[in-house]
Number of protein chains: 4
Amino acid sequence: MTRLRLVFLGGGSNSAVGQAHYIASQMDRNFEVVGGLFNRQADANKVSGKHYSISPEMLFPSLGEMIARKNEYDAVVVLTPTPNHFENLTPLLQANVSVICEKSVTSTLAQAIEIQSLIQNQNLDFFVTFNYSGYPMVRLIREMVLGGELGELISIRVKMPQEGFLRRDRVTGSVNPPQLWRQTDGEIPTILLDLGVHVLHLASFTTGMNPNGVFSRFGNHSSMKGVVDEVEILAEYENGMIGSFWVSKTALGEQNGLEIQIFGTSGSIGWKQIEPNKLVNANQHGEVREIRFGQGFSIVDEPRYNRFKAGHPGGFIEAFANLYADIKASITEPNNLGREMSFAPGISQAKKGLEILEGSVKSHVTREWVSV
Amino acid sequence: MTRLRLVFLGGGSNSAVGQAHYIASQMDRNFEVVGGLFNRQADANKVSGKHYSISPEMLFPSLGEMIARKNEYDAVVVLTPTPNHFENLTPLLQANVSVICEKSVTSTLAQAIEIQSLIQNQNLDFFVTFNYSGYPMVRLIREMVLGGELGELISIRVKMPQEGFLRRDRVTGSVNPPQLWRQTDGEIPTILLDLGVHVLHLASFTTGMNPNGVFSRFGNHSSMKGVVDEVEILAEYENGMIGSFWVSKTALGEQNGLEIQIFGTSGSIGWKQIEPNKLVNANQHGEVREIRFGQGFSIVDEPRYNRFKAGHPGGFIEAFANLYADIKASITEPNNLGREMSFAPGISQAKKGLEILEGSVKSHVTREWVSV
Amino acid sequence: MTRLRLVFLGGGSNSAVGQAHYIASQMDRNFEVVGGLFNRQADANKVSGKHYSISPEMLFPSLGEMIARKNEYDAVVVLTPTPNHFENLTPLLQANVSVICEKSVTSTLAQAIEIQSLIQNQNLDFFVTFNYSGYPMVRLIREMVLGGELGELISIRVKMPQEGFLRRDRVTGSVNPPQLWRQTDGEIPTILLDLGVHVLHLASFTTGMNPNGVFSRFGNHSSMKGVVDEVEILAEYENGMIGSFWVSKTALGEQNGLEIQIFGTSGSIGWKQIEPNKLVNANQHGEVREIRFGQGFSIVDEPRYNRFKAGHPGGFIEAFANLYADIKASITEPNNLGREMSFAPGISQAKKGLEILEGSVKSHVTREWVSV
Amino acid sequence: MTRLRLVFLGGGSNSAVGQAHYIASQMDRNFEVVGGLFNRQADANKVSGKHYSISPEMLFPSLGEMIARKNEYDAVVVLTPTPNHFENLTPLLQANVSVICEKSVTSTLAQAIEIQSLIQNQNLDFFVTFNYSGYPMVRLIREMVLGGELGELISIRVKMPQEGFLRRDRVTGSVNPPQLWRQTDGEIPTILLDLGVHVLHLASFTTGMNPNGVFSRFGNHSSMKGVVDEVEILAEYENGMIGSFWVSKTALGEQNGLEIQIFGTSGSIGWKQIEPNKLVNANQHGEVREIRFGQGFSIVDEPRYNRFKAGHPGGFIEAFANLYADIKASITEPNNLGREMSFAPGISQAKKGLEILEGSVKSHVTREWVSV
């Protein structure tokens with residue numbers, strides 16, 4: 001099995017997301033990380049290179065150099081802060097380089113549209129990593145929902161409360177501030193680019209549908225004045241399904257309370273990220289069972305999701321590795337799986353999310369219902 | 001200790017709510033049920049009378065007779081279907097009879113306003129039983145929130161999903177229809193009079209605040225066409241707090257998923273009706289603890305809430321009995337507690353709920369933000 | 001429906017168990033408490049009498065007087081400390097008075113044997129209140145197990161950890177000592193008379209079997225030296241089933257962690273007292289479901305266990321009331337139900353428990369396996 | 001950072017444990033797998049070699065050849081069935097080859113003693129992988145317990161119920177038999193070599209103590225007659241602590257219910273493998289909190305245990321990788337950490353476990369208390 005060669009743009013040794021992408025990309029031997037421009041500072045770049053055992057000659061001094069040597073790798077993993085995505089993606093795509101891009105693909109819908117048109121003119125692979133969709137149980141939800149096991153869909157509720165903007169450190173007594181770029185909001189508030197895109201992607205991923213209208217309210221309760229830290233979105237779908245979406249960075253007690261609940265006319269399903277290896281499922285009699293690995297539910301029992309035996313919990317890093325396996329398959333078996341298959345989302349899905357978010361921004365400002 | 005004498009209007013032996021009121025009213029020896037017009041049919045009335053050990057001469061043949069003999073009891077408990085409340089309450093109040101009324105006090109805001117003006121012209125006691133506020137832990141939430149333990153309030157989320165309109169019986173394979181009067185909607189959909197008033201009352205009870213604007217979406221997914229069975233309300237408060245309220249009769253797997261979550265700048269709190277004897281509480285460090293009876297939290301450790309020792313769960317009926325104890329105290333110690341004390345809500349609180357619900361109806365119809 | 005007349009021996013107004021028996025006995029209008037000797041001190045007796053609205057002439061100054069006036073009530077409820085049971089029961093039974101006795105019936109097996117022989121010579125009703133068996137879900141376990149739904153039984157595990165002997169009060173910083181009579185151990189340690197009898201009764205109640213041998217270890221970890229506060233019992237049954245029983249008064253964090261788990265060749269079942277309204281049930285495929293009220297499980301859906309609608313938790317006091325309803329039925333419908341029916345245990349079951357406990361004491365002392 | 005070179009003995013591509021060791025050993029770039037004798041059949045060996053991207057010349061045809069070329073790697077990972085461990089370990093250790101051995105190190109105490117003496121005469125590294133001790137929260141338990149946060153220890157309860165010997169496949173309707181070598185028992189029943197060693201290791205790991213006596217009962221309830229599938233061990237420690245250990249392969253509903261509970265005089269702690277990222281901790285006031293990552297508990301907040309941010313669950317494979325990191329450190333920093341450090345257990349700990357198990361076997365057979 002040939003490994004594909006990746007280079008990282010961003011994601012240095014002191015970056016949580018870099019570490020996660022690194023381990024995930026290698027877990028199943030689908031990729032190797034052969035080079036990178038981990039940090040713009042040369043010294044820091046070297047430290048990261050050493051950390052990842054990168055040979056010194058594969059540490060690129062600039063994005064231009066990385067692009068110039070594009071024949072030495074198969075794809076670039078873009079891990080810079082979201083506000084820099086657009087300026088980094090543009091030259092890469094213009095140079096026909098394949099990209100795996102950490103979400104959110106861009107900061108605005110307009111940028112996403114431009115990225116999409118760049119991609120359409122090239123012969124390259126482009127993926128956006130919505131990592132939570134790598135959890136096998138989330139994929140089982142999708143399978144069950146699309147297979148009609150819940151009947152006609154009535155209601156979807158996805159929430160992602162976090163506490164980072166209010167949680168006081170035990171020792172210092174004060175709130176640890178987020179990265180600088182998260183301390184201001186652009187056209188779309190950062191919280192929506194951070195959390196909102198996940199919530200909307202998961203709703204779309206599990207139901208195969210997107211809302212056609214939204215109403216939204218934003219809040220700002222942390223000491224960073226003007227930075228949105230809580231968003232409620234009430235959405236409606238063509239079939240009458242109601243969507244309720246909540247993201248927050250000021251929900252004390254919630255480290256990452258990502259949760260999905262879907263109700264249909266003949267059943268319901270619930271999943272919590274913090275206990276990712278089980279589903280709670282009710283049937284048309286209101287009877288509730290717990291769905292686990294190793295019980296004959298086809299998708300989650302595939303060997304690829306069972307790196308050890310049922311009864312041993314899998315976690316976030318493995319979910320991420322599942323996504324990398326999809327990306328590998330999508331690249332190497334395009335005829336089989338389609339270029340932008342369901343499990344390895346690309347620009348069009350990422351763009352749809354930004355469209356809904358821009359609608360939510362408009363709704364908040366006007367206090368009106370906005371079609372999307 | 002003198003017991004107050006109650007008579008029931010409605011609430012016969014085949015009525016769940018009648019049984020609950022009966023046991024609750026007597027548990028702590030605060031009241032005795034001395035008479036009633038349980039059913040309009042004389043035969044059924046006799047059966048209920050026997051069931052409740054009522055002496056035959058205290059079975060009233062009509063509301064008029066009950067009113068005429070008002071000196072033989074201290075208060076009437078109104079347990080008829082909600083749509084009949086107004087027509088029953090009016091003559092009772094005009095005759096200066098004290099009333100304990102099952103929620104929702106009336107079907108419309110206009111009726112509630114009329115009831116309020118009737119009460120103001122009389123010298124009587126009037127209570128509306130929002131029973132869930134009788135749970136000691138709900139009262140501890142109120143105490144903690146009003147005492148500032150959560151800091152400035154950010155967000156309140158109350159939901160009350162139920163499954164009755166979709167749940168298919170194991171044996172018959174079909175949905176058991178609700179009572180006839182619940183199969184049509186008036187000005188305010190029945191689901192809001194059934195569940196919505198609880199949700200709004202609990203939000204008001206625990207925070208001491210009411211929203212100043214709402215946006216709402218209704219759904220109808222059961223086979224009873226035109227009957228609303230799911231409602232989302234997005235609300236905003238003067239201090240910037242966001243409220244998210246959800247009620248449903250089509251949420252398979254949820255028998256009665258009443259849940260309260262409140263987030264503030266220095267903590268959060270969560271409570272589920274199905275496990276009513278504990279609170280989940282996070283502090284400003286995001287540290288989560290479980291609050292129980294018997295741990296020194298003043299309000300829940302009062303003897304009145306501890307009919308046995310900590311470690312032995314209390315339930316719904318006992319919560320109801322707590323409310324009856326409040327009503328007794330409110331009647332017999334009015335100087336001490338105030339005529340319409342916080343724990344024994346009266347017409348003004350009930351009216352406020354209907355006002356918000358009428359705003360929600362308007363919002364759903366117009367798809368616009370509605371001030372309330 | 002005629003109510004039976006009870007008098008209390010012990011169980012005064014400052015007694016948790018008295019309060020619980022009082023409410024439970026009256027909840028379903030099966031009994032009324034007409035008199036008592038609540039406290040040996042006349043003044044305290046009066047206070048309790050007033051608390052329970054007992055007419056002064058029904059306050060007995062002595063046990064002798066209570067016995068002498070035995071035609072004024074139907075049964076005596078014995079609620080004195082366990083060590084006094086024997087001396088109180090003896091004259092009552094000799095006088096042919098019916099008794100409802102709080103567990104443990106006596107402090108020793110020898111006493112229980114004597115009580116049994118007294119009963120056999122009389123024409124009276126005698127009940128021991130093992131209250132936890134009043135929970136409807138515990139009765140459903142019994143029904144499922146005896147009905148063969150778990151197949152052949154393999155293993156039963158019942159535990160009842162509590163924390164009272166170590167838990168330090170938040171305010172005082174010290175452990176609140178138990179009642180004086182719980183500060184010493186007799187032949188059978190008090191913890192076994194308090195908690196052990198429940199655990200063994202529940203095992204017997206749910207499986208219909210008793211062990212034929214035990215091995216036991218006792219511990220003493222509180223500051224009350226010489227008072228056993230933790231007991232492990234390993235038991236074996238004729239069919240090869242293993243029993244594991246644990247009781248403790250030094251398990252910090254456990255207010256009353258009573259839990260039953262039963263495993264069979266084709267399923268398993270689990271129940272926790274702190275969430276008493278559900279069962280966790282696995283089938284032969286290892287699939288796990290949650291069993292609730294209102295789902296068609298015959299026994300728990302009986303009207304007597306549903307004082308309000310499914311979805312509203314019942315608690316300990318109601319479980320106790322269920323037991324009182326059984327006692328009433330057992331007295332008034334003896335032909336129908338048998339004098340010592342399964343739900344209203346009498347002397348023979350109570351005696352069996354003491355027999356196993358004496359075996360456990362012997363095993364602890366000798367460090368040997370003891371047949372029982 | 002230099003990676004150490006591993007070769008596998010056993011652990012082919014169709015082996016769950018092989019896959020787990022492979023991923024775990026590489027996750028943090030501490031090791032690379034450079035060769036192996038994955039299967040005795042040459043063809044299967046090639047398939048595994050290809051699966052793991054092993055260069056063909058590093059596929060050893062025999063153990064002898066592997067030993068002969070011992071300078072081409074740093075250690076052998078022994079992943080053959082437990083009954084073959086002794087025959088494989090002996091020549092490896094005699095040839096002074098370092099070994100990482102999957103538990104149980106051997107099938108009997110006598111073999112373990114022999115292995116220990118072999119090791120003492122050589123200059124090599126020897127590790128036994130008790131993987132569950134790699135979970136960060138298990139290490140936090142150890143730190144808290146040894147640091148005295150629970151006070152004097154009273155009681156430890158470790159259980160590991162599984163269902164594999166009874167669980168019927170949904171499709172076939174029959175039980176999937178375990179590997180052939182697990183279908184018979186040797187001197188020590190296989191269930192104890194499979195599960196018992198984990199339970200005892202975790203008790204020892206978290207408390208730093210081993211019992212000085214045991215009483216045990218075995219059960220056999222599956223259709224494999226004569227194969228022990230349930231074991232209860234009641235143990236006592238020098239300080240009076242009681243240990244209760246339960247392992248089962250016939251506990252329907254339990255995929256792998258590994259759970260640790262430790263009670264002390266000033267607190268308690270509980271952990272479940274299926275939700276491995278939290279602890280439940282009670283203090284001396286009986287107050288219960290949930291301990292999480294990212295809350296300032298030193299050990300779990302070390303960077304090595306946080307491959308991504310708090311709020312994203314880690315799983316079994318990562319726990320395993322933690323153990324491999326310990327092994328790497330133990331090899332490369334021996335002066336710093338000690339040759340057989342606490343986190344990377346070696347022969348003496350493995351031997352102690354077998355000693356207790358042999359005591360348990362003796363106790364079951366004689367039905368007597370056995371000193372260990």
# chains A, B, ... in the order shown; residues from 1 in each chain; ligands from 1
>>> residues_around(residues="Glu236 in chain A", least_positions_apart="6", cutoff="6 Å", atoms="only C-alpha atoms", output="MDAnalysis selection string")
chainID A and resid 211 213 242:243
>>> interface_residues(of="chain A", to="chain B", cutoff="8 Å", atoms="only C-alpha atoms", output="ChimeraX atom specification")
/A:154,163,166-170,215,217,219,221-222,232,234,240-242,250-255,263-268,281-288,367-369
>>> closest_atom_pairs(of="range 1-54 of chain C", to="range 93-99 of chain C", cutoff="10 Å", atoms="only C-alpha atoms", output="CSV")
residue,atom,partner,partner_atom,distance
C:Leu6,CA,C:Val99,CA,9.3
C:Val7,CA,C:Val99,CA,9.7
C:Phe8,CA,C:Val99,CA,10.0
>>> write_last_selection(atoms="all heavy atoms", output="PDB file, in the first residue's frame")
ATOM      1  N   LEU C   6     -54.622   1.568  62.558  1.00  0.00           N
ATOM      2  CA  LEU C   6     -53.271   1.248  63.048  1.00  0.00           C
ATOM      3  C   LEU C   6     -52.966   2.052  64.301  1.00  0.00           C
ATOM      4  O   LEU C   6     -53.439   3.180  64.460  1.00  0.00           O
ATOM      5  CB  LEU C   6     -52.226   1.616  61.989  1.00  0.00           C
ATOM      6  CG  LEU C   6     -52.319   0.913  60.642  1.00  0.00           C
ATOM      7  CD1 LEU C   6     -51.228   1.455  59.713  1.00  0.00           C
ATOM      8  CD2 LEU C   6     -52.177  -0.598  60.811  1.00  0.00           C
ATOM      9  N   VAL C   7     -52.139   1.477  65.154  1.00  0.00           N
ATOM     10  CA  VAL C   7     -51.505   2.271  66.205  1.00  0.00           C
ATOM     11  C   VAL C   7     -49.997   2.065  66.087  1.00  0.00           C
ATOM     12  O   VAL C   7     -49.540   1.015  65.658  1.00  0.00           O
ATOM     13  CB  VAL C   7     -51.999   1.900  67.622  1.00  0.00           C
ATOM     14  CG1 VAL C   7     -53.493   2.169  67.745  1.00  0.00           C
ATOM     15  CG2 VAL C   7     -51.692   0.438  67.944  1.00  0.00           C
ATOM     16  N   PHE C   8     -49.265   3.104  66.433  1.00  0.00           N
ATOM     17  CA  PHE C   8     -47.802   3.059  66.299  1.00  0.00           C
ATOM     18  C   PHE C   8     -47.168   2.777  67.655  1.00  0.00           C
ATOM     19  O   PHE C   8     -47.560   3.371  68.668  1.00  0.00           O
ATOM     20  CB  PHE C   8     -47.274   4.421  65.809  1.00  0.00           C
ATOM     21  CG  PHE C   8     -47.300   4.596  64.318  1.00  0.00           C
ATOM     22  CD1 PHE C   8     -48.104   3.815  63.495  1.00  0.00           C
ATOM     23  CD2 PHE C   8     -46.501   5.585  63.709  1.00  0.00           C
ATOM     24  CE1 PHE C   8     -48.116   4.004  62.123  1.00  0.00           C
ATOM     25  CE2 PHE C   8     -46.513   5.775  62.334  1.00  0.00           C
ATOM     26  CZ  PHE C   8     -47.319   4.991  61.535  1.00  0.00           C
TER      27      PHE C   8
END
>>> residues_around(residues="Val227 in chain B", least_positions_apart="4", cutoff="7 Å", atoms="only C-alpha atoms", output="PyMOL selection string")
chain B and resi 183-185+220
>>> write_last_selection(atoms="N, CA and C atoms", output="compact mmCIF listing (two decimals), in the first residue's frame")
# COMPACT_ATOMS: atom_id res chain seq x y z
N GLN B 183 -57.68 17.20 21.01
CA GLN B 183 -57.55 16.89 19.59
C GLN B 183 -57.86 18.09 18.70
N THR B 184 -58.14 19.22 19.31
CA THR B 184 -58.29 20.44 18.51
C THR B 184 -57.54 21.57 19.19
N ASP B 185 -57.22 22.56 18.40
CA ASP B 185 -56.51 23.72 18.93
C ASP B 185 -57.40 24.94 18.90
N ASN B 220 -46.44 20.41 12.97
CA ASN B 220 -47.55 19.47 13.10
C ASN B 220 -47.17 18.20 12.36
>>> closest_residue(among="C:Asp28, C:Asp125, C:Glu187, C:Glu87", to="Ser360 in chain C", atoms="only C-alpha atoms")
C:Glu187
>>> residues_around(residues="Phe60 in chain D", least_positions_apart="2", cutoff="6 Å", atoms="only C-alpha atoms", output="JSON, numbers by chain")
{"D": [36, 37, 58, 62, 66]}
>>> select_by_dssp(residues="range 271-318 of chain A", states="strand (DSSP E or B)", output="ChimeraX atom specification")
/A:271-272,279-282,288-291
>>> write_last_selection(atoms="C-alpha atoms", output="mmCIF file, in the first residue's frame")
data_model
loop_
_atom_site.group_PDB
_atom_site.id
_atom_site.type_symbol
_atom_site.label_atom_id
_atom_site.label_comp_id
_atom_site.auth_asym_id
_atom_site.auth_seq_id
_atom_site.Cartn_x
_atom_site.Cartn_y
_atom_site.Cartn_z
ATOM 1 C CA TRP A 271 -25.426 11.026 20.265
ATOM 2 C CA LYS A 272 -23.007 12.890 22.492
ATOM 3 C CA LEU A 279 -26.140 5.788 20.227
ATOM 4 C CA VAL A 280 -29.395 6.106 22.087
ATOM 5 C CA ASN A 281 -32.205 5.017 19.818
ATOM 6 C CA ALA A 282 -35.971 4.983 20.350
ATOM 7 C CA VAL A 288 -35.121 3.024 24.082
ATOM 8 C CA ARG A 289 -32.027 0.974 23.418
ATOM 9 C CA GLU A 290 -28.319 1.650 23.414
ATOM 10 C CA ILE A 291 -26.551 0.878 20.148
#
>>> atom_distance(atom1="CA of Lys159 in chain B", atom2="CA of Val372 in chain B")
20.2 Å
>>> closest_residue(among="B:Thr106, B:Glu32, B:Arg5, B:Gly296", to="Ile188 in chain B", atoms="only C-alpha atoms")
B:Thr106
>>> select_by_dssp(residues="range 153-340 of chain B", states="alpha helix (DSSP H)", output="VMD selection string")
chain B and resid 190 to 191 197 to 207 316 to 332 334 to 337
>>> closest_residue(among="D:Glu358, D:Asp301, D:Glu318, D:Asp74", to="Leu109 in chain D", atoms="only C-alpha atoms")
D:Glu358
>>> residues_around(residues="Pro276 in chain D", least_positions_apart="3", cutoff="12 Å", atoms="only C-alpha atoms", output="PyMOL selection string")
(chain A and resi 274-277+311-315) or (chain D and resi 132-141+257-260+270-273+279-280+291-293+300+312-319)
>>> decode(residues="range 344-358 of chain D", atoms="N, CA, C and O atoms", output="JSON list (two decimals), in the first residue's frame")
[["chain", "number", "residue", "atom", "x", "y", "z"],
["D", 344, "ALA", "N", 5.66, 1.10, 33.54],
["D", 344, "ALA", "CA", 6.02, 0.09, 32.55],
["D", 344, "ALA", "C", 6.36, -1.20, 33.27],
["D", 344, "ALA", "O", 7.51, -1.53, 33.46],
["D", 345, "PRO", "N", 5.34, -1.93, 33.69],
["D", 345, "PRO", "CA", 5.57, -3.05, 34.59],
["D", 345, "PRO", "C", 6.37, -4.17, 33.95],
["D", 345, "PRO", "O", 6.29, -4.39, 32.73],
["D", 346, "GLY", "N", 7.12, -4.86, 34.79],
["D", 346, "GLY", "CA", 7.97, -5.94, 34.32],
["D", 346, "GLY", "C", 7.60, -7.25, 34.98],
["D", 346, "GLY", "O", 6.45, -7.46, 35.38],
["D", 347, "ILE", "N", 8.56, -8.11, 35.10],
["D", 347, "ILE", "CA", 8.28, -9.48, 35.51],
["D", 347, "ILE", "C", 7.81, -9.58, 36.96],
["D", 347, "ILE", "O", 6.95, -10.41, 37.28],
["D", 348, "SER", "N", 8.34, -8.74, 37.84],
["D", 348, "SER", "CA", 8.00, -8.96, 39.25],
["D", 348, "SER", "C", 6.52, -8.67, 39.50],
["D", 348, "SER", "O", 5.86, -9.39, 40.25],
["D", 349, "GLN", "N", 6.00, -7.61, 38.85],
["D", 349, "GLN", "CA", 4.57, -7.33, 39.01],
["D", 349, "GLN", "C", 3.71, -8.42, 38.36],
["D", 349, "GLN", "O", 2.68, -8.83, 38.89],
["D", 350, "ALA", "N", 4.13, -8.84, 37.18],
["D", 350, "ALA", "CA", 3.37, -9.89, 36.49],
["D", 350, "ALA", "C", 3.36, -11.17, 37.32],
["D", 350, "ALA", "O", 2.35, -11.87, 37.41],
["D", 351, "LYS", "N", 4.50, -11.46, 37.92],
["D", 351, "LYS", "CA", 4.62, -12.68, 38.75],
["D", 351, "LYS", "C", 3.70, -12.59, 39.96],
["D", 351, "LYS", "O", 3.04, -13.57, 40.33],
["D", 352, "LYS", "N", 3.66, -11.42, 40.58],
["D", 352, "LYS", "CA", 2.81, -11.25, 41.77],
["D", 352, "LYS", "C", 1.34, -11.57, 41.44],
["D", 352, "LYS", "O", 0.65, -12.23, 42.21],
["D", 353, "GLY", "N", 0.90, -11.10, 40.28],
["D", 353, "GLY", "CA", -0.47, -11.38, 39.86],
["D", 353, "GLY", "C", -0.72, -12.87, 39.74],
["D", 353, "GLY", "O", -1.75, -13.39, 40.22],
["D", 354, "LEU", "N", 0.21, -13.59, 39.14],
["D", 354, "LEU", "CA", 0.03, -15.04, 38.98],
["D", 354, "LEU", "C", 0.02, -15.74, 40.33],
["D", 354, "LEU", "O", -0.68, -16.74, 40.53],
["D", 355, "GLU", "N", 0.78, -15.20, 41.26],
["D", 355, "GLU", "CA", 0.82, -15.79, 42.61],
["D", 355, "GLU", "C", -0.57, -15.68, 43.26],
["D", 355, "GLU", "O", -1.07, -16.64, 43.86],
["D", 356, "ILE", "N", -1.19, -14.51, 43.11],
["D", 356, "ILE", "CA", -2.52, -14.33, 43.70],
["D", 356, "ILE", "C", -3.54, -15.23, 42.98],
["D", 356, "ILE", "O", -4.42, -15.83, 43.60],
["D", 357, "LEU", "N", -3.38, -15.36, 41.67],
["D", 357, "LEU", "CA", -4.31, -16.21, 40.92],
["D", 357, "LEU", "C", -4.16, -17.67, 41.34],
["D", 357, "LEU", "O", -5.17, -18.38, 41.47],
["D", 358, "GLU", "N", -2.93, -18.12, 41.53],
["D", 358, "GLU", "CA", -2.77, -19.52, 41.97],
["D", 358, "GLU", "C", -3.40, -19.70, 43.36],
["D", 358, "GLU", "O", -3.98, -20.74, 43.65]]
